[in-house]
Every structure is written in structure tokens, then in C-alpha cells.
$ cat query_8.txt   # compact mmCIF, C-alpha atoms
# COMPACT_ATOMS: atom_id res chain seq x y z
CA MET A 1499 74.64 -118.74 -80.40
CA LEU A 1500 72.28 -115.77 -80.19
CA ARG A 1501 72.08 -116.23 -76.47
CA LYS A 1502 75.90 -116.18 -76.13
CA LYS A 1503 76.07 -112.95 -78.15
CA SER A 1504 73.45 -111.37 -75.90
CA VAL A 1505 75.42 -112.29 -72.78
CA LEU A 1506 78.62 -110.89 -74.28
CA LEU A 1507 76.81 -107.69 -75.22
CA LEU A 1508 75.51 -107.24 -71.67
CA ILE A 1509 78.97 -107.79 -70.24
CA THR A 1510 80.44 -105.24 -72.66
CA ILE A 1511 77.80 -102.67 -71.70
CA ALA A 1512 78.47 -103.23 -68.02
CA LEU A 1513 82.22 -102.71 -68.51
CA VAL A 1514 81.64 -99.52 -70.47
CA LEU A 1515 79.32 -98.14 -67.78
CA THR A 1516 81.90 -98.98 -65.10
CA LEU A 1517 84.57 -97.07 -67.01
CA VAL A 1518 82.27 -94.09 -67.57
CA VAL A 1519 81.37 -93.87 -63.91
CA GLY A 1520 85.00 -94.26 -62.89
CA CYS A 1521 86.05 -91.37 -65.14
CA SER A 1522 83.08 -89.11 -64.53
CA GLY A 1523 84.75 -87.14 -61.73
CA GLN A 1524 82.70 -88.69 -58.94
CA PRO A 1525 85.00 -89.23 -55.93
CA ASP A 1526 85.63 -92.73 -54.71
CA SER A 1527 85.38 -93.49 -51.01
CA THR A 1528 89.07 -92.69 -50.38
CA GLN A 1529 88.84 -89.32 -52.13
CA GLN A 1530 85.64 -88.47 -50.26
CA THR A 1531 87.27 -89.28 -46.91
CA ASN A 1532 90.22 -87.02 -47.69
CA GLN A 1533 87.93 -84.19 -48.68
CA ASN A 1534 85.87 -84.57 -45.53
CA LYS A 1535 88.99 -84.11 -43.43
CA GLU A 1536 89.28 -80.59 -44.84
CA VAL A 1537 85.81 -79.59 -43.59
CA ILE A 1538 85.77 -78.21 -40.03
CA ASN A 1539 82.38 -77.97 -38.32
CA PHE A 1540 82.34 -75.43 -35.49
CA GLY A 1541 79.58 -75.45 -32.92
CA TYR A 1542 78.85 -72.29 -30.94
CA VAL A 1543 76.33 -70.91 -28.50
CA GLU A 1544 75.08 -67.45 -29.43
CA TRP A 1545 76.82 -65.68 -26.59
CA PRO A 1546 78.65 -62.60 -27.95
CA GLY A 1547 82.14 -63.65 -26.85
CA VAL A 1548 81.86 -67.23 -28.06
CA THR A 1549 80.24 -66.10 -31.31
CA VAL A 1550 83.07 -63.76 -32.31
CA LYS A 1551 85.76 -66.12 -31.03
CA THR A 1552 84.37 -68.88 -33.21
CA HIS A 1553 84.21 -66.58 -36.24
CA VAL A 1554 87.86 -65.59 -35.72
CA VAL A 1555 89.10 -69.20 -35.71
CA ASN A 1556 86.69 -70.07 -38.53
CA LYS A 1557 88.07 -67.23 -40.67
CA ILE A 1558 91.67 -68.34 -40.04
CA ALA A 1559 90.69 -71.87 -41.10
CA GLN A 1560 89.25 -70.49 -44.33
CA TYR A 1561 92.42 -68.48 -45.00
CA LEU A 1562 94.34 -71.76 -44.71
CA GLY A 1563 92.12 -73.42 -47.31
CA TYR A 1564 89.74 -75.36 -45.10
CA LYS A 1565 86.07 -75.65 -45.86
CA THR A 1566 84.12 -74.79 -42.74
CA LYS A 1567 80.64 -74.91 -41.30
CA LEU A 1568 79.19 -72.98 -38.38
CA THR A 1569 76.44 -74.55 -36.29
CA SER A 1570 74.61 -72.39 -33.75
CA ALA A 1571 72.83 -74.34 -31.00
CA MET A 1572 72.25 -74.63 -27.27
CA LYS A 1573 75.11 -76.13 -25.28
CA PRO A 1574 73.47 -79.58 -24.68
CA THR A 1575 72.81 -79.87 -28.42
CA ILE A 1576 76.42 -79.00 -29.25
CA LEU A 1577 77.82 -81.60 -26.85
CA LYS A 1578 75.44 -84.25 -28.18
CA GLY A 1579 76.40 -83.30 -31.72
CA MET A 1580 80.07 -83.76 -30.85
CA GLU A 1581 79.37 -87.18 -29.41
CA GLN A 1582 77.58 -88.14 -32.63
CA GLY A 1583 80.43 -86.81 -34.77
CA ASP A 1584 78.40 -84.00 -36.34
CA ILE A 1585 80.32 -81.15 -34.67
CA ASP A 1586 84.12 -81.07 -34.54
CA VAL A 1587 85.09 -78.09 -32.39
CA PHE A 1588 83.59 -76.02 -29.57
CA LEU A 1589 85.55 -73.02 -28.25
CA GLY A 1590 83.17 -71.98 -25.46
CA LEU A 1591 83.17 -74.56 -22.66
CA TRP A 1592 82.85 -72.40 -19.54
CA LEU A 1593 83.93 -74.15 -16.35
CA PRO A 1594 82.79 -74.74 -13.71
CA GLN A 1595 79.40 -73.38 -14.89
CA MET A 1596 79.00 -76.02 -17.62
CA ILE A 1597 80.52 -78.93 -15.71
CA ASN A 1598 77.21 -80.79 -15.29
CA ASP A 1599 76.61 -80.72 -19.06
CA TYR A 1600 80.20 -81.62 -19.91
CA GLN A 1601 81.09 -84.29 -17.33
CA PRO A 1602 79.07 -87.24 -18.79
CA TYR A 1603 80.69 -86.80 -22.22
CA LYS A 1604 84.13 -86.36 -20.69
CA GLU A 1605 83.74 -89.58 -18.69
CA LYS A 1606 82.64 -91.50 -21.81
CA GLY A 1607 85.52 -90.01 -23.77
CA THR A 1608 83.28 -88.82 -26.58
CA VAL A 1609 84.53 -85.25 -26.29
CA LYS A 1610 88.13 -84.30 -25.62
CA PRO A 1611 89.62 -81.23 -23.95
CA VAL A 1612 92.29 -79.46 -25.99
CA ARG A 1613 93.36 -76.55 -23.80
CA VAL A 1614 92.18 -73.51 -21.85
CA ASN A 1615 91.76 -70.71 -24.38
CA LEU A 1616 90.73 -68.06 -21.83
CA ASP A 1617 91.64 -68.11 -18.14
CA GLU A 1618 91.01 -64.51 -17.09
CA VAL A 1619 87.35 -65.21 -16.36
CA VAL A 1620 85.46 -63.47 -13.57
CA TRP A 1621 81.82 -63.89 -12.56
CA LYS A 1622 80.57 -62.32 -9.36
CA THR A 1623 78.95 -59.20 -7.93
CA ALA A 1624 80.23 -55.84 -9.17
CA VAL A 1625 79.66 -52.21 -8.21
CA PRO A 1626 80.63 -48.91 -9.85
CA GLU A 1627 84.11 -47.70 -8.96
CA TYR A 1628 82.74 -44.72 -6.99
CA VAL A 1629 80.78 -47.15 -4.78
CA TRP A 1630 83.90 -49.23 -4.23
CA GLU A 1631 85.87 -46.11 -3.29
CA ALA A 1632 83.12 -45.20 -0.82
CA GLY A 1633 83.82 -48.40 1.12
CA VAL A 1634 82.04 -51.32 -0.60
CA LYS A 1635 84.94 -53.60 -1.46
CA SER A 1636 83.53 -56.95 -0.35
CA MET A 1637 80.23 -58.81 -0.32
CA ALA A 1638 80.49 -58.42 3.44
CA ASP A 1639 80.18 -54.63 3.04
CA LEU A 1640 76.86 -54.64 1.21
CA HIS A 1641 74.58 -54.80 4.24
CA LYS A 1642 76.26 -51.74 5.79
CA TYR A 1643 74.98 -49.62 2.91
CA ALA A 1644 71.72 -51.47 2.18
CA ASN A 1645 69.65 -48.28 2.05
CA LYS A 1646 71.90 -46.75 -0.61
CA PHE A 1647 71.36 -49.85 -2.74
CA ASP A 1648 67.62 -49.80 -1.97
CA HIS A 1649 68.15 -53.38 -0.72
CA LYS A 1650 68.37 -54.55 -4.37
CA TRP A 1651 70.76 -56.76 -6.28
CA TYR A 1652 70.24 -56.81 -10.07
CA GLY A 1653 70.34 -60.17 -11.81
CA LEU A 1654 69.56 -61.86 -15.10
CA GLU A 1655 66.80 -64.02 -16.58
CA PRO A 1656 64.71 -66.41 -14.45
CA GLY A 1657 66.74 -69.56 -13.90
CA SER A 1658 70.10 -67.79 -13.94
CA SER A 1659 72.58 -69.50 -11.63
CA GLY A 1660 73.75 -66.06 -10.45
CA ASN A 1661 70.22 -65.26 -9.34
CA ALA A 1662 70.11 -68.59 -7.51
CA ILE A 1663 73.36 -67.84 -5.69
CA MET A 1664 72.07 -64.53 -4.41
CA LYS A 1665 68.61 -65.86 -3.52
CA LYS A 1666 70.25 -68.56 -1.44
CA ALA A 1667 72.48 -65.99 0.26
CA ILE A 1668 69.42 -63.88 1.10
CA LYS A 1669 67.45 -66.87 2.35
CA ASN A 1670 70.31 -67.99 4.62
CA ASN A 1671 71.28 -64.44 5.62
CA ILE A 1672 74.81 -64.89 4.28
CA TYR A 1673 76.69 -61.58 4.44
CA GLY A 1674 73.68 -60.17 6.35
CA LEU A 1675 71.60 -59.92 3.18
CA LYS A 1676 68.29 -61.19 4.64
CA ASP A 1677 66.44 -57.94 3.81
CA TRP A 1678 67.65 -57.77 0.19
CA ASN A 1679 65.81 -58.64 -3.01
CA VAL A 1680 66.98 -60.04 -6.34
CA VAL A 1681 65.73 -58.03 -9.32
CA VAL A 1682 65.10 -60.66 -11.99
CA SER A 1683 65.22 -59.26 -15.52
CA SER A 1684 67.46 -59.95 -18.52
CA SER A 1685 70.99 -59.14 -19.62
CA GLN A 1686 69.78 -56.16 -21.64
CA ALA A 1687 67.49 -54.85 -18.90
CA MET A 1688 70.17 -55.31 -16.25
CA MET A 1689 72.73 -53.39 -18.29
CA SER A 1690 70.19 -50.62 -18.87
CA ALA A 1691 69.79 -50.35 -15.10
CA VAL A 1692 73.58 -50.26 -14.68
CA LYS A 1693 73.85 -47.50 -17.30
CA LYS A 1694 71.16 -45.37 -15.62
CA HIS A 1695 72.58 -45.79 -12.11
CA ILE A 1696 76.13 -44.94 -13.19
CA ARG A 1697 74.94 -41.95 -15.24
CA ASP A 1698 73.12 -40.61 -12.17
CA LYS A 1699 75.92 -41.62 -9.75
CA GLU A 1700 73.51 -43.87 -7.87
CA TRP A 1701 74.47 -47.08 -6.07
CA ILE A 1702 73.92 -50.44 -7.73
CA ALA A 1703 75.20 -54.01 -7.30
CA TRP A 1704 74.70 -56.52 -10.09
CA SER A 1705 75.65 -59.84 -11.66
CA ALA A 1706 78.83 -59.03 -13.58
CA TRP A 1707 81.34 -61.03 -15.56
CA LYS A 1708 84.51 -60.72 -17.54
CA PRO A 1709 84.99 -60.79 -20.47
CA HIS A 1710 82.17 -58.42 -21.38
CA TRP A 1711 81.90 -54.92 -22.84
CA MET A 1712 80.83 -53.55 -19.43
CA ASN A 1713 84.49 -53.83 -18.38
CA ILE A 1714 85.50 -51.43 -21.17
CA VAL A 1715 82.61 -48.95 -21.13
CA TYR A 1716 82.28 -48.53 -17.34
CA ASP A 1717 84.66 -48.18 -14.42
CA ILE A 1718 83.59 -51.12 -12.27
CA LYS A 1719 84.99 -53.17 -9.42
CA TYR A 1720 84.35 -56.82 -8.53
CA LEU A 1721 83.65 -57.43 -4.86
CA LYS A 1722 85.70 -59.81 -2.76
CA ASP A 1723 83.83 -62.96 -1.78
CA PRO A 1724 85.42 -64.36 1.41
CA LYS A 1725 82.69 -67.00 1.84
CA ARG A 1726 83.13 -68.06 -1.81
CA ILE A 1727 79.43 -68.17 -2.60
CA TRP A 1728 80.29 -67.40 -6.24
CA SER A 1729 82.76 -70.26 -6.44
CA LYS A 1730 81.67 -72.67 -3.75
CA ASP A 1731 83.76 -75.61 -4.96
CA GLY A 1732 86.87 -73.45 -5.14
CA SER A 1733 87.19 -74.03 -8.88
CA ASP A 1734 88.91 -71.42 -10.98
CA LYS A 1735 86.79 -70.18 -13.87
CA SER A 1736 88.12 -70.78 -17.36
CA VAL A 1737 87.00 -71.41 -20.93
CA LEU A 1738 88.15 -74.52 -22.77
CA THR A 1739 88.46 -75.60 -26.37
CA ILE A 1740 87.09 -79.12 -26.84
CA THR A 1741 86.78 -81.44 -29.85
CA ARG A 1742 84.91 -84.58 -30.72
CA LYS A 1743 86.64 -87.90 -30.18
CA GLY A 1744 89.01 -88.70 -33.05
CA PHE A 1745 89.29 -85.17 -34.39
CA LYS A 1746 92.97 -84.89 -33.42
CA ASP A 1747 93.78 -87.91 -35.62
CA ASP A 1748 91.47 -86.80 -38.43
CA ALA A 1749 92.90 -83.28 -38.66
CA PRO A 1750 96.33 -83.18 -36.96
CA ASN A 1751 97.42 -80.08 -38.87
CA PHE A 1752 94.39 -78.01 -37.89
CA TYR A 1753 94.60 -79.38 -34.35
CA LYS A 1754 97.86 -77.40 -33.96
CA LEU A 1755 95.86 -74.18 -34.25
CA LEU A 1756 93.53 -75.29 -31.47
CA LYS A 1757 96.50 -76.20 -29.25
CA GLN A 1758 98.09 -72.80 -29.81
CA PHE A 1759 94.97 -70.64 -29.70
CA LYS A 1760 94.60 -68.57 -26.53
CA ILE A 1761 93.30 -65.05 -25.94
CA SER A 1762 93.07 -62.53 -23.12
CA SER A 1763 89.94 -61.31 -21.41
CA LYS A 1764 90.70 -57.83 -22.77
CA ILE A 1765 90.66 -59.10 -26.37
CA GLN A 1766 87.37 -60.94 -25.93
CA SER A 1767 85.79 -57.98 -24.14
CA LYS A 1768 86.58 -55.83 -27.19
CA TRP A 1769 84.99 -58.45 -29.46
CA ILE A 1770 81.90 -58.43 -27.27
CA LEU A 1771 81.80 -54.62 -27.43
CA GLU A 1772 81.84 -54.68 -31.24
CA TYR A 1773 79.27 -57.47 -31.59
CA GLY A 1774 77.15 -57.38 -28.45
CA LYS A 1775 76.86 -53.61 -28.06
CA LYS A 1776 77.61 -52.09 -31.47
CA LYS A 1777 75.77 -54.93 -33.28
CA ARG A 1778 78.40 -55.38 -35.99
CA ASP A 1779 78.65 -58.45 -38.23
CA PRO A 1780 80.84 -61.05 -36.43
CA GLU A 1781 82.52 -62.08 -39.68
CA LYS A 1782 83.53 -58.48 -40.39
CA ILE A 1783 84.80 -58.12 -36.82
CA ALA A 1784 86.89 -61.28 -37.26
CA GLU A 1785 88.38 -60.18 -40.59
CA GLU A 1786 89.27 -56.74 -39.24
CA TRP A 1787 90.74 -58.08 -36.01
CA ILE A 1788 92.92 -60.68 -37.76
CA LYS A 1789 94.28 -58.04 -40.14
CA ASN A 1790 95.22 -55.77 -37.22
CA ASN A 1791 96.70 -58.49 -34.98
CA LEU A 1792 98.96 -60.54 -37.25
CA ASP A 1793 101.68 -60.88 -34.59
CA LEU A 1794 99.36 -62.98 -32.43
CA VAL A 1795 97.64 -64.79 -35.31
CA THR A 1796 100.96 -65.96 -36.79
CA LYS A 1797 101.87 -67.44 -33.41
CA TRP A 1798 98.64 -69.43 -33.50
CA VAL A 1799 99.41 -70.88 -36.95
CA ALA A 1800 103.14 -71.43 -36.40
CA GLY A 1801 104.21 -74.89 -37.63
CA MET A 1802 101.03 -75.37 -39.67
CA LYS A 1803 100.52 -75.97 -43.37
CA THR A 1804 97.66 -74.81 -45.55
CA VAL A 1805 95.43 -77.41 -47.18
CA ASP A 1806 97.63 -77.19 -50.30
CA GLU A 1807 100.81 -77.67 -48.21
CA LYS A 1808 102.04 -74.09 -48.08
CA ASP A 1809 103.55 -72.49 -44.99
CA ALA A 1810 100.62 -71.14 -42.97
CA VAL A 1811 102.50 -68.18 -41.50
CA LYS A 1812 103.63 -66.95 -44.91
CA VAL A 1813 100.15 -67.34 -46.38
CA ILE A 1814 98.56 -65.31 -43.57
CA GLU A 1815 101.21 -62.61 -43.77
CA GLN A 1816 101.03 -62.33 -47.56
CA LYS A 1817 97.25 -62.06 -47.47
CA PHE A 1818 97.42 -58.74 -45.65
CA LYS A 1819 100.47 -57.14 -47.34
$ encode --input "query_8.txt" --output "C-alpha cells"
Amino acid sequence: MLRKKSVLLLITIALVLTLVVGCSGQPDSTQQTNQNKEVINFGYVEWPGVTVKTHVVNKIAQYLGYKTKLTSAMKPTILKGMEQGDIDVFLGLWLPQMINDYQPYKEKGTVKPVRVNLDEVVWKTAVPEYVWEAGVKSMADLHKYANKFDHKWYGLEPGSSGNAIMKKAIKNNIYGLKDWNVVVSSSQAMMSAVKKHIRDKEWIAWSAWKPHWMNIVYDIKYLKDPKRIWSKDGSDKSVLTITRKGFKDDAPNFYKLLKQFKISSKIQSKWILEYGKKKRDPEKIAEEWIKNNLDLVTKWVAGMKTVDEKDAVKVIEQKFK
């Protein structure tokens, strides 16, 4: 009899504990899954343009009620993280430069392209406008004025693919550049050289790209490249938004923003100027830019709902009234 009472007591205690746990506010697996769908994990490489771009989309997500996380890492780490499901979104896939990193994941289907978010991308040799007006309008013109350039082309860090392009051109005497030298330095050192040469009206040719603040601060011209050494495969340069496999199904509402998000090179160059040159906080840049560009932002969120099912456009507009 005593034994039966003990068993009944244990059963009663177990039932009470089950009820307590069930009512304690701890989410069950279904609730936890739903909550996780509202957390967006952005990966980004600490390049100025990608950094601010990511902060802009991240801030819009927060305005719509999403919980977000920002993960800064090298590009191979970001792609691996997407394959493993740890990172949801990457807004900085530069093509064709990153094709070797991206292609294996694309072929396996573990990362998915969403759309081109920036297609006004340029990466080649540039000169100051006064040099261009003096007759240097193509890579084929450089050797004619080699002495004015001191036979130098200014590049980036060791290992830069731009440096490699020019070293190969010099080695193979493409464009008659056999007597030229590549000045290997860094982005900061290269831009310091550009600043000094332009200030003194001296001649300089360097590794330039758009978007970047150099396109706003200086009057520069990109040289024609008839032999296509800067785009040997003929690929157009663009920047893509990509997501991990399954993200579209997990967050269809937020996915609309990614499908509708696209910017101009001019916009991103201004972001780079504020962050890369003026050293401002990227979150502050994002908040300020969104407030001053609601016409474009509301187009990005058109047709979306907030996490609590309100109209996204109205919520964004009301926030800045």
C-alpha cells in the first residue's frame, strides 16, 4: 500500500513539474522556430562600400521589427558560413573578381543569387582629367608619355589582382609597357600618391575603381582598354546579393526587400566617402541616409509587412515624420 502511494506521489510531482515548465514562458520548439525566422544574420567584408551598404539594409530590417546580427569576416569565411546556415545574407559578391570563391557554392546550390544590387562597377587604370585631356585616353597611349609618368603605375597591396594584371602586361610588353614598373603599396598609400600628384599637377596612372570616394573628390578618367586586360573573359563587373539556401522560404517577407534593393554607383561612392574617408560611424551614416532618401527606401519595402504585420511603407514614412 505504501509503495502504491509512493508511486502515485511521484507521478503527481512529475505532472506538476510538467505544468510548471509548460507555463514558465520557455518557448516550445515551434515558438523558437518562429522567433528564429525574425533574426537576419548579415555577413560583410570590411570594405567601405559593402560595410555601409550592409548597415543600410540592416537598419531598414530593424525598423521593420526584425532582430539582426552583423558578422564581419573574410569572403571565404562568409561563403562557408552561408553554406553551414550561420549567415543568411551577403550584399557584396563582386563578379567576376570573386567568381573562384563563389562558383563551388553556386554549383552545390548552398548559396543562392538574389539579384544584382550594383551594376555600375568599374575597375581599371585611371588618370587625372588633365592627363586625359593631354592625350592619354587609352592604355595604348601610356607608353607615348612614359617619361611623364616616370614609367610607374601605382597599385595596391602585394597579391592584388590589379597588380598582377599590370605585371603581366609589363612582362609581355602589352601596350608597349615593357619599361614600366608597378609600385606596390596599399590602398591608403596609393591614394596619398594620387592626392600629391593631382595637387602638384603631376602625371600619375593607378589602380582605380568605382564606386569609391576618389570619383567624388577628384576629377579622374578611366582609360579605354582595347585588349581587355582588365576584363579578359569579357565579363561585365557587378555586385550581387546572395543568400543561404532556404532563406527565401524561411523569410519570404524580408526576401522582398532583397529582391527590390538596388543602388547606383554614385550613392555607394558617397557612402564610401563618409565612412572610408571621413571615418564616420556606418550606423549613423545609414540612419542619416535613410531619413534623407525615403523615396527610394519606400520603393525597396513596397509590398512588405513589418514583423507585427503592419504596412512597411507606412511604418518607414511615419518614423521620419
$ closest_residue --input "query_8.txt" --among "A:Gly1590, A:Pro1626, A:Gly1579, A:Pro1656" --to "A:Ile1696" --atoms "all atoms listed in the file"
A:Pro1626
$ closest_atom_pairs --input "query_8.txt" --of "stretch 1591-1624 of chain A" --to "stretch 1543-1550 of chain A" --cutoff "12 Å" --atoms "all atoms listed in the file" --output "CSV"
residue,atom,partner,partner_atom,distance
A:Leu1591,CA,A:Val1548,CA,9.2
A:Trp1592,CA,A:Val1548,CA,10.0
A:Asn1615,CA,A:Val1548,CA,11.1
A:Leu1616,CA,A:Val1548,CA,10.9
A:Val1619,CA,A:Gly1547,CA,11.8
$ closest_residue --input "query_8.txt" --among "A:Val1609, A:Val1805, A:Leu1756, A:Ala1632" --to "A:Glu1581" --atoms "only C-alpha atoms"
A:Val1609
$ closest_residue --input "query_8.txt" --among "A:Leu1562, A:Val1554, A:Ala1638, A:Val1625" --to "A:Lys1812" --atoms "only C-alpha atoms"
A:Leu1562
$ closest_residue --input "query_8.txt" --among "A:Ala1667, A:Leu1755, A:Ile1702, A:Ile1718" --to "A:Trp1651" --atoms "all atoms listed in the file"
A:Ile1702
$ atom_distance --input "query_8.txt" --atom1 "atom CA of A:Glu1655" --atom2 "atom CA of A:Lys1604"
28.6 Å
$ closest_residue --input "query_8.txt" --among "A:Lys1573, A:Leu1589, A:Asp1584, A:Gln1560" --to "A:Arg1742" --atoms "all atoms listed in the file"
A:Asp1584
$ closest_residue --input "query_8.txt" --among "A:Thr1566, A:Gln1601, A:Asn1713, A:Ser1636" --to "A:Ile1585" --atoms "only C-alpha atoms"
A:Thr1566
$ residues_near_point --input "query_8.txt" --point "(91.2, -80.7, -41.5)" --cutoff "12 Å" --atoms "only C-alpha atoms" --output "MDAnalysis selection string"
chainID A and resid 1531:1540 1556 1559:1560 1562:1566 1586:1587 1744:1756 1802:1806
$ atom_distance --input "query_8.txt" --atom1 "atom CA of A:Asn1790" --atom2 "atom CA of A:Val1620"
26.7 Å
$ residues_around --input "query_8.txt" --residues "stretch 1797-1801 of chain A" --least-positions-apart "6" --cutoff "7 Å" --atoms "only C-alpha atoms" --output "MDAnalysis selection string"
chainID A and resid 1755 1758:1759 1810:1811
